[in-house]
Amino acid sequence: MSAAPAAADTPERAAHKLYAAIEETAALLDVRVDPATTRPIVTAFQDHLAQAAILFRSATDQRHAGELNLHLMMLPGDRDPYALLHAKGLAEKSDHPSSRLLAEVADRFPVASYGIDFGVVGGFQKTWSCFPTDDMQRLSEIADLPSAPRAVADNLAFFARYGLDKHVTLIGIDYAQRTMNLYFGEVESLLQRDAARAMLREMDMPEPSEALLHFAERAFGFYVTLTWDSPRIQRFCYAAIAVDPTTVLAHPEPEIERFLSTVPYGHDTPKAVYAALSPKDGGEYYKIQTYYQWRPRLTSHMHATVADAGR
């Protein structure tokens with residue numbers, strides 16, 4: 001299999017290695033890469049690959065079937081990745097507020113780094129704006145952004161009841177689905193079963209399974225998904241990190257076991273695992289990420305006690 005980029009690689013060589021790894025990994029998972037969309041995205045960020053954290057991700061729900069996603073994290077905080085991709089014809093801008101939100105976040109808040117998500121089939125999908133570890137942001141100020149979904153303001157009272165209104169660590173924008181993610185830090189007290197049940201019930205989420213509650217107790221944080229079309233929280237997702245995902249999963253899904261046994265990267269580095277709950281997406285499902293290129297500094301964005309797992 002292709003090796004991860006080395007510090008001495010030229011940007012072109014690093015991009016070549018990553019694209020080769022994408023093709024090889026996708027083939028192992030029976031996913032067909034679209035080179036016309038994937039290769040140009042890799043090339044667009046080739047100057048930043050040496051410093052980036054690079055992740056492969058798969059999911060168990062029907063919406064993500066037949067796709068392999070890549071995350072490029074820890075991209076420079078002074079370069080708008082959406083504008084860069086748009087300038088290269090790799091991202092479409094529209095009249096929808098999601099197209100304006102990333103720039104508004106950068107104008108109002110300190111952005112320590114960016115991230116992007118793209119599928120090897122579907123192409124560019126999402127950006128993340130990551131705030132400094134010691135400077136989490138207030139949800140009320142995010143709600144004031146002109147292009148923020150009204151659902152942020154509609155749920156302010158809910159987040160304040162659980163002490164989350166001053167603890168936003170990342171903002172994600174999904175341009176394909178036209179959704180927004182809010183990631184929260186300092187949530188340890190909300191990961192226990194009683195708290196998890198109470199929050200999920202108040203959001204009108206399906207009743208969580210024992211497997212999901214088991215996972216929540218071993219998670220380090222969570223995020224929510226909002227849309228511009230509804231005041232409701234659309235999805236709630238717990239996040240955990242472990243070298244061995246079986247320590248956080250009660251019963252690993254067959255798709256996760258296959259991913260872990262097939263993808264040749266990240267054997268000695270942590271894996272990120274997500275447990276999502278969504279009425280729209282059919283209840284519970286899981287996402288698994290392994291690191292093609294791990295960066296220990298990535299844990300600084302997690303705002304939780306993940307240092308031991310992240311080594």
# chains A, B, ... in the order shown; residues from 1 in each chain; ligands from 1
>>> residues_around(residues="Ile171 of chain A", least_positions_apart="5", cutoff="6 Å", atoms="only C-alpha atoms", output="list in words")
Trp128, Ser129, Asn181 and Leu182 of chain A
>>> closest_residue(among="A:Ala91, A:Ile22, A:Leu156, A:Ala275", to="Phe215 of chain A", atoms="only C-alpha atoms")
A:Ala275
>>> residues_around(residues="segment 7-14 of chain A", least_positions_apart="5", cutoff="7 Å", atoms="only C-alpha atoms", output="PyMOL selection string")
chain A and resi 46-47+49-50
>>> write_last_selection(atoms="N, CA, C and O atoms", output="short mmCIF file (atom, residue, chain, number, x, y, z; two decimals), in the first residue's frame")
data_model
loop_
_atom_site.label_atom_id
_atom_site.label_comp_id
_atom_site.auth_asym_id
_atom_site.auth_seq_id
_atom_site.Cartn_x
_atom_site.Cartn_y
_atom_site.Cartn_z
N GLN A 46 -2.40 20.29 -1.91
CA GLN A 46 -1.13 19.57 -1.82
C GLN A 46 -0.07 20.33 -1.01
O GLN A 46 0.77 19.70 -0.36
N ASP A 47 -0.13 21.65 -1.01
CA ASP A 47 0.86 22.42 -0.25
C ASP A 47 0.69 22.26 1.25
O ASP A 47 1.60 22.63 2.02
N LEU A 49 -0.54 19.23 2.80
CA LEU A 49 -0.67 17.84 3.21
C LEU A 49 0.37 17.44 4.25
O LEU A 49 0.09 16.62 5.13
N ALA A 50 1.56 18.02 4.19
CA ALA A 50 2.62 17.63 5.13
C ALA A 50 2.24 17.94 6.57
O ALA A 50 2.65 17.24 7.49
#
>>> closest_atom_pairs(of="segment 128-203 of chain A", to="segment 238-246 of chain A", cutoff="12 Å", atoms="only C-alpha atoms", output="CSV")
residue,atom,partner,partner_atom,distance
A:Tyr183,CA,A:Tyr238,CA,9.9
A:Phe184,CA,A:Tyr238,CA,10.4
A:Gly185,CA,A:Ala239,CA,11.2
A:Val187,CA,A:Tyr238,CA,10.7
A:Glu188,CA,A:Tyr238,CA,11.6
A:Leu190,CA,A:Tyr238,CA,10.8
A:Leu191,CA,A:Tyr238,CA,8.8
A:Gln192,CA,A:Tyr238,CA,11.9
A:Ala196,CA,A:Tyr238,CA,10.0
A:Leu200,CA,A:Tyr238,CA,11.4
>>> closest_residue(among="A:Leu260, A:Leu101, A:Val111, A:Cys237", to="Leu28 of chain A", atoms="only C-alpha atoms")
A:Leu260
>>> select_by_dssp(residues="segment 57-245 of chain A", states="strand (DSSP E)", output="ChimeraX atom specification")
/A:57-59,69-76,113-119,123-130,168-174,179-184,221-227,235-242
>>> atom_distance(atom1="atom CA of Phe45 of chain A", atom2="atom CA of Lys17 of chain A")
13.2 Å
>>> decode(residues="segment 271-299 of chain A", atoms="N, CA, C and O atoms", output="compact mmCIF listing (two decimals), in the first residue's frame")
# COMPACT_ATOMS: atom_id res chain seq x y z
N LYS A 271 -8.35 5.51 16.45
CA LYS A 271 -9.44 5.57 15.49
C LYS A 271 -10.53 6.46 16.09
O LYS A 271 -10.75 6.45 17.30
N ALA A 272 -11.17 7.24 15.26
CA ALA A 272 -12.32 8.02 15.70
C ALA A 272 -13.59 7.25 15.35
O ALA A 272 -13.72 6.73 14.23
N VAL A 273 -14.49 7.14 16.30
CA VAL A 273 -15.74 6.43 16.11
C VAL A 273 -16.88 7.37 16.49
O VAL A 273 -16.81 8.08 17.50
N TYR A 274 -17.95 7.37 15.69
CA TYR A 274 -19.10 8.23 15.94
C TYR A 274 -20.37 7.39 15.97
O TYR A 274 -20.55 6.51 15.12
N ALA A 275 -21.21 7.67 16.94
CA ALA A 275 -22.52 7.02 17.03
C ALA A 275 -23.58 8.09 16.85
O ALA A 275 -23.69 9.01 17.66
N ALA A 276 -24.35 7.97 15.78
CA ALA A 276 -25.33 9.00 15.44
C ALA A 276 -26.75 8.49 15.66
O ALA A 276 -27.04 7.31 15.48
N LEU A 277 -27.62 9.42 16.02
CA LEU A 277 -29.03 9.12 16.22
C LEU A 277 -29.84 10.15 15.45
O LEU A 277 -29.66 11.36 15.65
N SER A 278 -30.69 9.67 14.55
CA SER A 278 -31.44 10.59 13.70
C SER A 278 -32.73 9.94 13.21
O SER A 278 -32.69 8.86 12.61
N PRO A 279 -33.87 10.56 13.48
CA PRO A 279 -35.13 10.02 12.93
C PRO A 279 -35.11 9.96 11.41
O PRO A 279 -35.59 9.00 10.80
N LYS A 280 -34.52 10.97 10.78
CA LYS A 280 -34.50 11.05 9.32
C LYS A 280 -33.66 9.96 8.70
O LYS A 280 -33.98 9.44 7.63
N ASP A 281 -32.55 9.61 9.36
CA ASP A 281 -31.62 8.63 8.78
C ASP A 281 -31.88 7.20 9.26
O ASP A 281 -31.03 6.32 9.12
N GLY A 282 -33.03 6.96 9.85
CA GLY A 282 -33.40 5.60 10.20
C GLY A 282 -32.97 5.15 11.57
O GLY A 282 -32.85 3.95 11.82
N GLY A 283 -32.75 6.08 12.49
CA GLY A 283 -32.40 5.70 13.85
C GLY A 283 -30.92 5.81 14.11
O GLY A 283 -30.32 6.86 13.88
N GLU A 284 -30.29 4.73 14.58
CA GLU A 284 -28.88 4.74 14.96
C GLU A 284 -28.00 4.23 13.82
O GLU A 284 -28.36 3.31 13.10
N TYR A 285 -26.84 4.86 13.71
CA TYR A 285 -25.81 4.33 12.82
C TYR A 285 -24.45 4.80 13.31
O TYR A 285 -24.36 5.65 14.20
N TYR A 286 -23.39 4.23 12.73
CA TYR A 286 -22.04 4.50 13.20
C TYR A 286 -21.15 4.95 12.04
O TYR A 286 -21.35 4.57 10.89
N LYS A 287 -20.15 5.75 12.41
CA LYS A 287 -19.12 6.16 11.46
C LYS A 287 -17.77 5.80 12.07
O LYS A 287 -17.58 5.94 13.28
N ILE A 288 -16.84 5.37 11.24
CA ILE A 288 -15.52 4.98 11.71
C ILE A 288 -14.46 5.69 10.87
O ILE A 288 -14.59 5.78 9.65
N GLN A 289 -13.44 6.23 11.54
CA GLN A 289 -12.34 6.92 10.86
C GLN A 289 -11.02 6.32 11.30
O GLN A 289 -10.81 6.06 12.48
N THR A 290 -10.14 6.14 10.34
CA THR A 290 -8.78 5.75 10.66
C THR A 290 -7.83 6.74 10.00
O THR A 290 -8.16 7.35 8.98
N TYR A 291 -6.66 6.88 10.58
CA TYR A 291 -5.76 7.96 10.19
C TYR A 291 -4.70 7.48 9.20
O TYR A 291 -3.84 6.67 9.54
N TYR A 292 -4.77 7.99 8.01
CA TYR A 292 -3.69 7.83 7.03
C TYR A 292 -2.48 8.61 7.51
O TYR A 292 -1.34 8.19 7.35
N GLN A 293 -2.74 9.75 8.13
CA GLN A 293 -1.67 10.57 8.69
C GLN A 293 -2.17 11.19 9.99
O GLN A 293 -3.01 12.08 9.98
N TRP A 294 -1.69 10.69 11.10
CA TRP A 294 -2.09 11.15 12.43
C TRP A 294 -1.25 12.35 12.85
O TRP A 294 -0.05 12.42 12.58
N ARG A 295 -1.89 13.29 13.53
CA ARG A 295 -1.19 14.44 14.11
C ARG A 295 -1.64 14.56 15.55
O ARG A 295 -2.82 14.83 15.82
N PRO A 296 -0.73 14.34 16.54
CA PRO A 296 -1.14 14.40 17.95
C PRO A 296 -1.83 15.72 18.32
O PRO A 296 -2.70 15.74 19.18
N ARG A 297 -1.47 16.81 17.63
CA ARG A 297 -2.08 18.11 17.97
C ARG A 297 -3.57 18.12 17.67
O ARG A 297 -4.30 19.00 18.14
N LEU A 298 -4.06 17.14 16.90
CA LEU A 298 -5.49 17.09 16.60
C LEU A 298 -6.33 16.98 17.86
O LEU A 298 -7.45 17.50 17.91
N THR A 299 -5.80 16.33 18.89
CA THR A 299 -6.58 16.17 20.11
C THR A 299 -6.82 17.50 20.81
O THR A 299 -7.71 17.60 21.65
